[in-house]
file upload.cif (mmCIF, C-alpha atoms and all ligand atoms)
data_entry
#
loop_
_atom_site.group_PDB
_atom_site.id
_atom_site.type_symbol
_atom_site.label_atom_id
_atom_site.label_comp_id
_atom_site.auth_asym_id
_atom_site.auth_seq_id
_atom_site.Cartn_x
_atom_site.Cartn_y
_atom_site.Cartn_z
ATOM 1 C CA MET A 1 102.155 87.577 78.524
ATOM 2 C CA ASN A 2 101.187 88.760 81.996
ATOM 3 C CA LEU A 3 102.911 86.849 84.775
ATOM 4 C CA ILE A 4 103.018 86.739 88.550
ATOM 5 C CA LEU A 5 106.018 85.249 90.339
ATOM 6 C CA LEU A 6 104.831 84.000 93.709
ATOM 7 C CA GLY A 7 107.126 82.602 96.391
ATOM 8 C CA GLY A 8 108.610 83.196 99.817
ATOM 9 C CA PRO A 9 111.411 85.637 100.506
ATOM 10 C CA GLY A 10 114.497 84.343 98.702
ATOM 11 C CA ALA A 11 112.612 81.846 96.512
ATOM 12 C CA GLY A 12 114.309 83.290 93.426
ATOM 13 C CA LYS A 13 111.589 85.603 92.089
ATOM 14 C CA GLY A 14 114.018 88.396 91.243
ATOM 15 C CA THR A 15 116.663 86.018 89.870
ATOM 16 C CA GLN A 16 114.181 84.374 87.495
ATOM 17 C CA ALA A 17 112.532 87.703 86.587
ATOM 18 C CA LYS A 18 115.887 89.054 85.337
ATOM 19 C CA LYS A 19 116.239 86.037 83.036
ATOM 20 C CA LEU A 20 112.641 86.360 81.817
ATOM 21 C CA ILE A 21 113.185 90.034 80.901
ATOM 22 C CA ASP A 22 116.078 89.017 78.639
ATOM 23 C CA LYS A 23 114.160 86.194 76.972
ATOM 24 C CA TYR A 24 110.671 87.707 76.595
ATOM 25 C CA GLN A 25 111.482 91.460 76.532
ATOM 26 C CA ILE A 26 108.789 92.344 79.046
ATOM 27 C CA PRO A 27 109.344 94.516 82.138
ATOM 28 C CA GLN A 28 109.785 93.269 85.708
ATOM 29 C CA ILE A 29 107.640 95.086 88.237
ATOM 30 C CA SER A 30 109.055 94.504 91.710
ATOM 31 C CA THR A 31 107.213 96.340 94.480
ATOM 32 C CA GLY A 32 110.217 95.641 96.732
ATOM 33 C CA ASP A 33 112.568 97.411 94.269
ATOM 34 C CA ILE A 34 110.149 100.342 93.859
ATOM 35 C CA LEU A 35 109.854 100.704 97.652
ATOM 36 C CA ARG A 36 113.642 100.490 98.142
ATOM 37 C CA ALA A 37 114.070 103.234 95.515
ATOM 38 C CA ALA A 38 111.613 105.415 97.477
ATOM 39 C CA VAL A 39 113.546 104.720 100.695
ATOM 40 C CA LYS A 40 116.783 105.767 98.989
ATOM 41 C CA GLU A 41 115.236 108.959 97.624
ATOM 42 C CA GLY A 42 113.961 109.736 101.126
ATOM 43 C CA THR A 43 110.392 110.441 99.995
ATOM 44 C CA GLU A 44 107.555 110.519 102.538
ATOM 45 C CA MET A 45 106.348 107.135 101.271
ATOM 46 C CA GLY A 46 109.887 105.747 101.503
ATOM 47 C CA ARG A 47 110.304 106.871 105.112
ATOM 48 C CA LYS A 48 107.070 105.178 106.153
ATOM 49 C CA ALA A 49 107.744 102.037 104.113
ATOM 50 C CA LYS A 50 111.212 101.527 105.634
ATOM 51 C CA GLU A 51 109.777 100.877 109.093
ATOM 52 C CA TYR A 52 107.647 98.023 107.798
ATOM 53 C CA MET A 53 110.412 96.614 105.604
ATOM 54 C CA ASP A 54 113.021 96.618 108.382
ATOM 55 C CA ALA A 55 110.556 94.781 110.632
ATOM 56 C CA GLY A 56 109.820 92.166 107.951
ATOM 57 C CA LYS A 57 106.201 93.305 107.803
ATOM 58 C CA LEU A 58 104.110 94.257 104.794
ATOM 59 C CA VAL A 59 103.699 97.847 103.676
ATOM 60 C CA PRO A 60 99.946 98.725 103.795
ATOM 61 C CA ASP A 61 97.891 97.410 100.870
ATOM 62 C CA GLU A 62 96.690 100.844 99.695
ATOM 63 C CA VAL A 63 100.293 102.026 99.240
ATOM 64 C CA VAL A 64 101.420 99.105 97.073
ATOM 65 C CA ILE A 65 98.128 98.940 95.158
ATOM 66 C CA GLY A 66 98.613 102.620 94.235
ATOM 67 C CA ILE A 67 102.170 101.876 93.070
ATOM 68 C CA ILE A 68 100.994 98.984 90.878
ATOM 69 C CA ARG A 69 98.071 100.897 89.403
ATOM 70 C CA ASP A 70 100.435 103.667 88.226
ATOM 71 C CA ARG A 71 103.076 101.256 86.975
ATOM 72 C CA LEU A 72 100.690 99.066 84.934
ATOM 73 C CA ALA A 73 99.421 102.189 83.163
ATOM 74 C CA GLN A 74 102.886 102.791 81.657
ATOM 75 C CA PRO A 75 103.128 102.002 77.928
ATOM 76 C CA ASP A 76 105.917 99.413 78.352
ATOM 77 C CA CYS A 77 103.444 97.093 80.132
ATOM 78 C CA ARG A 78 101.209 96.762 77.068
ATOM 79 C CA LYS A 79 103.050 93.771 75.657
ATOM 80 C CA GLY A 80 103.208 92.025 79.007
ATOM 81 C CA PHE A 81 104.789 92.230 82.457
ATOM 82 C CA ILE A 82 106.304 90.171 85.259
ATOM 83 C CA LEU A 83 104.946 90.974 88.710
ATOM 84 C CA ASP A 84 107.613 90.140 91.313
ATOM 85 C CA GLY A 85 106.502 90.379 94.941
ATOM 86 C CA PHE A 86 102.987 91.596 94.180
ATOM 87 C CA PRO A 87 100.290 90.627 95.062
ATOM 88 C CA ARG A 88 101.145 89.528 98.590
ATOM 89 C CA THR A 89 97.711 89.541 100.252
ATOM 90 C CA VAL A 90 94.234 88.524 99.108
ATOM 91 C CA PRO A 91 93.043 92.192 99.063
ATOM 92 C CA GLN A 92 96.042 93.031 96.803
ATOM 93 C CA ALA A 93 95.106 90.173 94.456
ATOM 94 C CA GLU A 94 91.495 91.356 94.313
ATOM 95 C CA ALA A 95 92.610 94.927 93.622
ATOM 96 C CA LEU A 96 94.888 93.656 90.837
ATOM 97 C CA ASP A 97 91.994 91.768 89.227
ATOM 98 C CA LYS A 98 90.011 95.007 89.253
ATOM 99 C CA VAL A 99 92.804 97.156 87.804
ATOM 100 C CA LEU A 100 93.440 94.634 85.021
ATOM 101 C CA ALA A 101 89.719 94.288 84.230
ATOM 102 C CA GLU A 102 89.541 98.085 83.813
ATOM 103 C CA MET A 103 92.414 97.768 81.311
ATOM 104 C CA ASN A 104 90.739 94.825 79.500
ATOM 105 C CA SER A 105 93.649 92.687 80.578
ATOM 106 C CA LYS A 106 94.232 89.640 82.800
ATOM 107 C CA ILE A 107 96.883 87.410 84.349
ATOM 108 C CA ASP A 108 97.981 84.428 82.231
ATOM 109 C CA HIS A 109 100.158 82.422 84.651
ATOM 110 C CA VAL A 110 101.045 82.487 88.333
ATOM 111 C CA ILE A 111 104.402 80.738 88.739
ATOM 112 C CA SER A 112 104.577 79.582 92.345
ATOM 113 C CA ILE A 113 108.172 78.822 93.356
ATOM 114 C CA ASP A 114 108.447 76.459 96.305
ATOM 115 C CA VAL A 115 111.592 76.370 98.485
ATOM 116 C CA ASP A 116 111.830 75.155 102.084
ATOM 117 C CA GLU A 117 112.426 77.638 104.883
ATOM 118 C CA GLU A 118 115.957 76.740 105.974
ATOM 119 C CA GLU A 119 117.156 77.004 102.371
ATOM 120 C CA LEU A 120 115.514 80.458 102.167
ATOM 121 C CA VAL A 121 117.376 81.631 105.280
ATOM 122 C CA THR A 122 120.700 80.417 103.822
ATOM 123 C CA ARG A 123 119.987 82.118 100.520
ATOM 124 C CA LEU A 124 119.009 85.472 101.992
ATOM 125 C CA THR A 125 121.738 85.786 104.587
ATOM 126 C CA GLY A 126 124.315 85.129 101.809
ATOM 127 C CA ARG A 127 122.730 87.341 99.174
ATOM 128 C CA ARG A 128 124.540 90.330 97.690
ATOM 129 C CA THR A 129 122.726 92.811 95.445
ATOM 130 C CA CYS A 130 124.048 95.270 92.850
ATOM 131 C CA LYS A 131 123.816 98.899 94.016
ATOM 132 C CA ASN A 132 123.010 100.229 90.544
ATOM 133 C CA PRO A 133 119.194 100.540 90.420
ATOM 134 C CA ASP A 134 119.163 100.066 86.632
ATOM 135 C CA CYS A 135 120.851 96.678 87.115
ATOM 136 C CA GLY A 136 119.974 95.282 90.560
ATOM 137 C CA GLN A 137 121.461 91.853 89.802
ATOM 138 C CA MET A 138 121.479 89.401 92.730
ATOM 139 C CA TYR A 139 124.398 87.154 93.736
ATOM 140 C CA HIS A 140 125.056 84.668 96.514
ATOM 141 C CA ILE A 141 128.396 84.399 98.276
ATOM 142 C CA LYS A 142 128.333 80.575 97.868
ATOM 143 C CA PHE A 143 125.663 79.585 95.337
ATOM 144 C CA ASN A 144 126.170 82.294 92.727
ATOM 145 C CA PRO A 145 129.276 84.367 93.497
ATOM 146 C CA PRO A 146 130.347 87.258 91.259
ATOM 147 C CA LYS A 147 133.598 86.789 89.320
ATOM 148 C CA LYS A 148 135.249 89.498 91.429
ATOM 149 C CA GLU A 149 134.242 89.739 95.102
ATOM 150 C CA GLY A 150 131.942 92.683 95.854
ATOM 151 C CA VAL A 151 131.628 93.764 92.205
ATOM 152 C CA CYS A 152 128.704 93.207 89.801
ATOM 153 C CA ASP A 153 129.596 91.052 86.739
ATOM 154 C CA LYS A 154 126.971 92.780 84.628
ATOM 155 C CA CYS A 155 127.649 96.476 85.229
ATOM 156 C CA GLY A 156 130.774 96.770 87.423
ATOM 157 C CA SER A 157 128.948 98.508 90.307
ATOM 158 C CA GLU A 158 129.516 97.711 93.972
ATOM 159 C CA LEU A 159 127.462 94.966 95.669
ATOM 160 C CA TYR A 160 125.697 95.488 99.009
ATOM 161 C CA GLN A 161 123.720 93.516 101.567
ATOM 162 C CA ARG A 162 120.062 94.518 101.900
ATOM 163 C CA ASP A 163 119.058 95.908 105.335
ATOM 164 C CA ASP A 164 116.380 93.186 105.646
ATOM 165 C CA ASP A 165 118.753 90.290 104.836
ATOM 166 C CA ASN A 166 119.795 89.606 108.442
ATOM 167 C CA GLU A 167 118.560 86.415 110.093
ATOM 168 C CA ALA A 168 116.093 88.062 112.524
ATOM 169 C CA THR A 169 114.354 90.064 109.798
ATOM 170 C CA VAL A 170 114.385 87.076 107.442
ATOM 171 C CA ARG A 171 112.542 84.980 110.097
ATOM 172 C CA SER A 172 109.964 87.719 110.439
ATOM 173 C CA ARG A 173 109.546 87.949 106.633
ATOM 174 C CA LEU A 174 108.966 84.180 106.537
ATOM 175 C CA ALA A 175 106.263 84.425 109.203
ATOM 176 C CA THR A 176 104.624 87.267 107.258
ATOM 177 C CA TYR A 177 104.748 85.194 104.091
ATOM 178 C CA ASN A 178 103.134 82.165 105.752
ATOM 179 C CA GLN A 179 100.375 84.215 107.298
ATOM 180 C CA ALA A 180 99.513 86.796 104.623
ATOM 181 C CA THR A 181 100.794 85.551 101.254
ATOM 182 C CA LYS A 182 100.443 81.751 101.244
ATOM 183 C CA PRO A 183 96.625 82.014 100.947
ATOM 184 C CA LEU A 184 97.239 83.316 97.404
ATOM 185 C CA ILE A 185 98.249 79.783 96.372
ATOM 186 C CA ASP A 186 94.620 78.680 96.898
ATOM 187 C CA TYR A 187 93.312 81.936 95.423
ATOM 188 C CA TYR A 188 95.068 81.339 92.096
ATOM 189 C CA GLN A 189 94.568 77.574 92.174
ATOM 190 C CA ALA A 190 90.820 78.212 92.266
ATOM 191 C CA LYS A 191 91.160 80.457 89.205
ATOM 192 C CA GLY A 192 93.095 77.774 87.318
ATOM 193 C CA LEU A 193 96.157 80.024 87.014
ATOM 194 C CA LEU A 194 98.571 78.343 89.429
ATOM 195 C CA ARG A 195 101.719 76.771 87.931
ATOM 196 C CA PRO A 196 103.662 75.278 90.873
ATOM 197 C CA ILE A 197 107.370 74.535 90.460
ATOM 198 C CA LYS A 198 110.085 73.191 92.761
ATOM 199 C CA GLY A 199 112.480 76.079 93.351
ATOM 200 C CA VAL A 200 115.467 73.952 94.342
ATOM 201 C CA GLY A 201 118.158 73.097 91.799
ATOM 202 C CA SER A 202 120.319 75.228 89.555
ATOM 203 C CA ILE A 203 119.096 78.685 88.531
ATOM 204 C CA ASP A 204 119.175 77.543 84.886
ATOM 205 C CA ASP A 205 117.166 74.365 85.582
ATOM 206 C CA ILE A 206 114.471 76.387 87.295
ATOM 207 C CA PHE A 207 114.442 78.830 84.387
ATOM 208 C CA THR A 208 114.012 75.911 81.947
ATOM 209 C CA GLN A 209 111.000 74.699 83.984
ATOM 210 C CA ILE A 210 109.431 78.162 83.820
ATOM 211 C CA CYS A 211 110.048 78.505 80.078
ATOM 212 C CA GLY A 212 108.416 75.094 79.602
ATOM 213 C CA ILE A 213 105.255 76.421 81.240
ATOM 214 C CA LEU A 214 105.247 79.654 79.233
ATOM 215 C CA GLY A 215 105.917 77.848 75.943
HETATM 216 P P1 LIG B 301 110.879 92.051 98.263
HETATM 217 O O1 LIG B 301 111.995 92.864 97.766
HETATM 218 O O2 LIG B 301 109.845 91.612 97.302
HETATM 219 O O3 LIG B 301 111.481 90.823 99.035
HETATM 220 P P2 LIG B 301 110.998 89.291 99.195
HETATM 221 O O4 LIG B 301 109.666 88.903 98.707
HETATM 222 O O5 LIG B 301 111.267 89.013 100.607
HETATM 223 O O6 LIG B 301 111.858 88.531 98.201
HETATM 224 P P3 LIG B 301 113.371 88.682 97.936
HETATM 225 O O7 LIG B 301 113.640 89.792 96.986
HETATM 226 O O8 LIG B 301 114.111 88.710 99.231
HETATM 227 O O9 LIG B 301 113.675 87.257 97.269
HETATM 228 P P4 LIG B 301 113.581 86.771 95.760
HETATM 229 O O10 LIG B 301 112.511 85.741 95.686
HETATM 230 O O11 LIG B 301 113.528 87.903 94.794
HETATM 231 O O12 LIG B 301 114.963 86.008 95.665
HETATM 232 P P5 LIG B 301 116.296 86.327 94.817
HETATM 233 O O13 LIG B 301 116.045 86.026 93.377
HETATM 234 O O14 LIG B 301 116.864 87.638 95.173
HETATM 235 O O15 LIG B 301 110.141 92.825 99.442
HETATM 236 C C1 LIG B 301 110.865 93.430 100.483
HETATM 237 C C2 LIG B 301 109.921 94.115 101.452
HETATM 238 O O16 LIG B 301 109.185 95.140 100.779
HETATM 239 C C3 LIG B 301 108.842 93.216 102.086
HETATM 240 O O17 LIG B 301 109.305 92.556 103.214
HETATM 241 C C4 LIG B 301 107.750 94.252 102.399
HETATM 242 O O18 LIG B 301 108.054 94.968 103.572
HETATM 243 C C5 LIG B 301 107.838 95.211 101.226
HETATM 244 N N1 LIG B 301 106.947 94.828 100.117
HETATM 245 C C6 LIG B 301 107.321 94.449 98.863
HETATM 246 N N2 LIG B 301 106.251 94.148 98.108
HETATM 247 C C7 LIG B 301 105.164 94.330 98.902
HETATM 248 C C8 LIG B 301 103.772 94.140 98.710
HETATM 249 N N3 LIG B 301 103.277 93.701 97.546
HETATM 250 N N4 LIG B 301 102.943 94.408 99.744
HETATM 251 C C9 LIG B 301 103.417 94.869 100.918
HETATM 252 N N5 LIG B 301 104.723 95.039 101.178
HETATM 253 C C10 LIG B 301 105.593 94.769 100.172
HETATM 254 O O19 LIG B 301 117.256 85.155 95.370
HETATM 255 C C11 LIG B 301 117.654 85.152 96.736
HETATM 256 C C12 LIG B 301 119.088 84.624 96.875
HETATM 257 O O20 LIG B 301 119.119 83.252 96.491
HETATM 258 C C13 LIG B 301 120.121 85.331 95.974
HETATM 259 O O21 LIG B 301 121.314 85.410 96.680
HETATM 260 C C14 LIG B 301 120.235 84.387 94.764
HETATM 261 O O22 LIG B 301 121.514 84.480 94.157
HETATM 262 C C15 LIG B 301 120.022 83.028 95.406
HETATM 263 N N6 LIG B 301 119.378 82.058 94.517
HETATM 264 C C16 LIG B 301 118.364 82.289 93.624
HETATM 265 N N7 LIG B 301 118.001 81.148 92.999
HETATM 266 C C17 LIG B 301 118.796 80.163 93.529
HETATM 267 C C18 LIG B 301 118.899 78.752 93.304
HETATM 268 N N8 LIG B 301 118.119 78.130 92.406
HETATM 269 N N9 LIG B 301 119.804 78.071 94.030
HETATM 270 C C19 LIG B 301 120.584 78.694 94.948
HETATM 271 N N10 LIG B 301 120.544 80.033 95.204
HETATM 272 C C20 LIG B 301 119.649 80.747 94.498
HETATM 273 MG MG MG B 302 113.411 90.021 94.984
HETATM 274 ZN ZN ZN B 303 124.965 95.500 88.333
#

call {"tool": "encode", "arguments": {"input": "upload.cif", "output": "structure tokens", "more": "lines below"}}
Ligand code: AP5
Ligand code: MG
Ligand code: ZN
result
Amino acid sequence: MNLILLGGPGAGKGTQAKKLIDKYQIPQISTGDILRAAVKEGTEMGRKAKEYMDAGKLVPDEVVIGIIRDRLAQPDCRKGFILDGFPRTVPQAEALDKVLAEMNSKIDHVISIDVDEEELVTRLTGRRTCKNPDCGQMYHIKFNPPKKEGVCDKCGSELYQRDDDNEATVRSRLATYNQATKPLIDYYQAKGLLRPIKGVGSIDDIFTQICGILG
């Protein structure tokens, strides 16, 4: 099962991906997480990527396409994968089609999670994320608080606030989404792969909707 989770910043892509990993035992591939790991390691790519990320802009297509090409070639992707935050532009989607065709593979479903903008701002400015890169669980100070403030329920690591989760950067990420990523809704609709869902409601209700689509 090869899935794409499509949706604006804060739509719940990462939250739902974590639940899908547990249920279907397939890996989550988040370009955002991979880029943040590169920033933390201080690699050349990470240093360049950080400028775009802090401005709420997209990292250049060739960089993320290269990341995805390498990641999809890993053996754990053979039984399926969940793409979270990729593709984000039409050229990225076209490059993905090409990479998958070379592997005799294809996308099965594009789950498009719809949430209105003011809700996204509230979600992102209240988000807390686990520092442990092997966990990376997301929380929300109001909607999904951890049992103990500032500490991850799953692994006990400290929680932090992402550098791009301030209101100004969130607004810029929303504008980027509307301009560059929304056209993918039509792109996948035309291919008959789009599975739109309402992303408002409890995290478990949304997960049930997604599982209903996947069967
Ligand atoms: P990325 O890390 O992908 O960020 P994003 O797309 O902005 O999405 P988020 O991770 O912020 O949101 P999410 O949908 O995962 O929501 P979450 O589940 O955490 O990308 C970051 C940056 O990297 C980009 O800006 C860009 O610069 C670069 N980049 C990445 N990929 C790229 C690409 N392909 N091309 C170019 N550049 C790229 O949930 C959010 C919050 O809401 C949490 O607090 C959660 O607890 C809460 N929540 C979740 N579900 C619910 C619910 N149902 N009700 C209430 N609260 C909820
Ligand atoms: Mg995410
Ligand atoms: Zn954790």

call {"tool": "atom_distance", "arguments": {"input": "upload.cif", "atom1": "atom CA of Glu119 of chain A", "atom2": "atom CA of Tyr177 of chain A"}}
result
15.0 Å

call {"tool": "closest_residue", "arguments": {"input": "upload.cif", "among": "A:Ala17, A:Val170, A:Val121, A:Met103", "to": "Gln137 of chain A", "atoms": "all atoms listed in the file"}}
result
A:Ala17

call {"tool": "residues_around", "arguments": {"input": "upload.cif", "residues": "segment 92-101 of chain A", "least_positions_apart": "5", "cutoff": "12 Å", "atoms": "all atoms listed in the file", "output": "ChimeraX atom specification"}}
result
/A:2,4,6,31,58-73,77-78,80-81,83,85-87,106-108,110,180-181,183-188,191

call {"tool": "resolve_selection", "arguments": {"input": "upload.cif", "expression": "the PyMOL selection byres (((not hetatm)) within 10 of (chain B and resi 303))", "output": "list in words"}}
result
Thr129, Cys130, Lys131, Asn132, Pro133, Asp134, Cys135, Gly136, Gln137, Met138, Tyr139, Val151, Cys152, Asp153, Lys154, Cys155, Gly156, Ser157, Glu158 and Leu159 of chain A

call {"tool": "resolve_selection", "arguments": {"input": "upload.cif", "expression": "the PyMOL selection byres (((not hetatm)) within 7 of (chain B and resi 302))", "output": "ChimeraX atom specification"}}
result
/A:10,12-14,32,84-85

call {"tool": "write_last_selection", "arguments": {"input": "upload.cif", "atoms": "C-alpha atoms", "output": "PDB file, in the frame of the given file"}}
result
ATOM      1  CA  GLY A  10     114.497  84.343  98.702  1.00  0.00           C
ATOM      2  CA  GLY A  12     114.309  83.290  93.426  1.00  0.00           C
ATOM      3  CA  LYS A  13     111.589  85.603  92.089  1.00  0.00           C
ATOM      4  CA  GLY A  14     114.018  88.396  91.243  1.00  0.00           C
ATOM      5  CA  GLY A  32     110.217  95.641  96.732  1.00  0.00           C
ATOM      6  CA  ASP A  84     107.613  90.140  91.313  1.00  0.00           C
ATOM      7  CA  GLY A  85     106.502  90.379  94.941  1.00  0.00           C
TER       8      GLY A  85
END

call {"tool": "atom_distance", "arguments": {"input": "upload.cif", "atom1": "atom CA of Gln179 of chain A", "atom2": "atom CA of Ile82 of chain A"}}
result
23.6 Å

call {"tool": "resolve_selection", "arguments": {"input": "upload.cif", "expression": "the PyMOL selection byres (((chain A and resi 50) around 10) and not hetatm)", "output": "ChimeraX atom specification"}}
result
/A:35-36,38-40,42,45-49,51-57,59,163-164

call {"tool": "write_last_selection", "arguments": {"input": "upload.cif", "atoms": "C-alpha atoms", "output": "short mmCIF file (atom, residue, chain, number, x, y, z; two decimals), keeping the file's coordinate frame"}}
result
data_model
loop_
_atom_site.label_atom_id
_atom_site.label_comp_id
_atom_site.auth_asym_id
_atom_site.auth_seq_id
_atom_site.Cartn_x
_atom_site.Cartn_y
_atom_site.Cartn_z
CA LEU A 35 109.85 100.70 97.65
CA ARG A 36 113.64 100.49 98.14
CA ALA A 38 111.61 105.42 97.48
CA VAL A 39 113.55 104.72 100.70
CA LYS A 40 116.78 105.77 98.99
CA GLY A 42 113.96 109.74 101.13
CA MET A 45 106.35 107.14 101.27
CA GLY A 46 109.89 105.75 101.50
CA ARG A 47 110.30 106.87 105.11
CA LYS A 48 107.07 105.18 106.15
CA ALA A 49 107.74 102.04 104.11
CA GLU A 51 109.78 100.88 109.09
CA TYR A 52 107.65 98.02 107.80
CA MET A 53 110.41 96.61 105.60
CA ASP A 54 113.02 96.62 108.38
CA ALA A 55 110.56 94.78 110.63
CA GLY A 56 109.82 92.17 107.95
CA LYS A 57 106.20 93.30 107.80
CA VAL A 59 103.70 97.85 103.68
CA ASP A 163 119.06 95.91 105.34
CA ASP A 164 116.38 93.19 105.65
#

call {"tool": "residues_near_point", "arguments": {"input": "upload.cif", "point": "(108.2, 70.0, 93.9)", "cutoff": "7 Å", "atoms": "only C-alpha atoms", "output": "number ranges by chain"}}
result
A: 114, 197-198

call {"tool": "closest_residue", "arguments": {"input": "upload.cif", "among": "A:Val90, A:Leu3, A:Ile210, A:Ile111", "to": "Arg195 of chain A", "atoms": "all atoms listed in the file"}}
result
A:Ile111

call {"tool": "axis_aligned_box", "arguments": {"input": "upload.cif", "around": "ligand LIG 301 (chain B)", "padding_each_side": "4 Å", "output": "JSON"}}
result
{"center_x": 112.2, "center_y": 86.6, "center_z": 98.0, "size_x": 26.6, "size_y": 25.1, "size_z": 19.2}
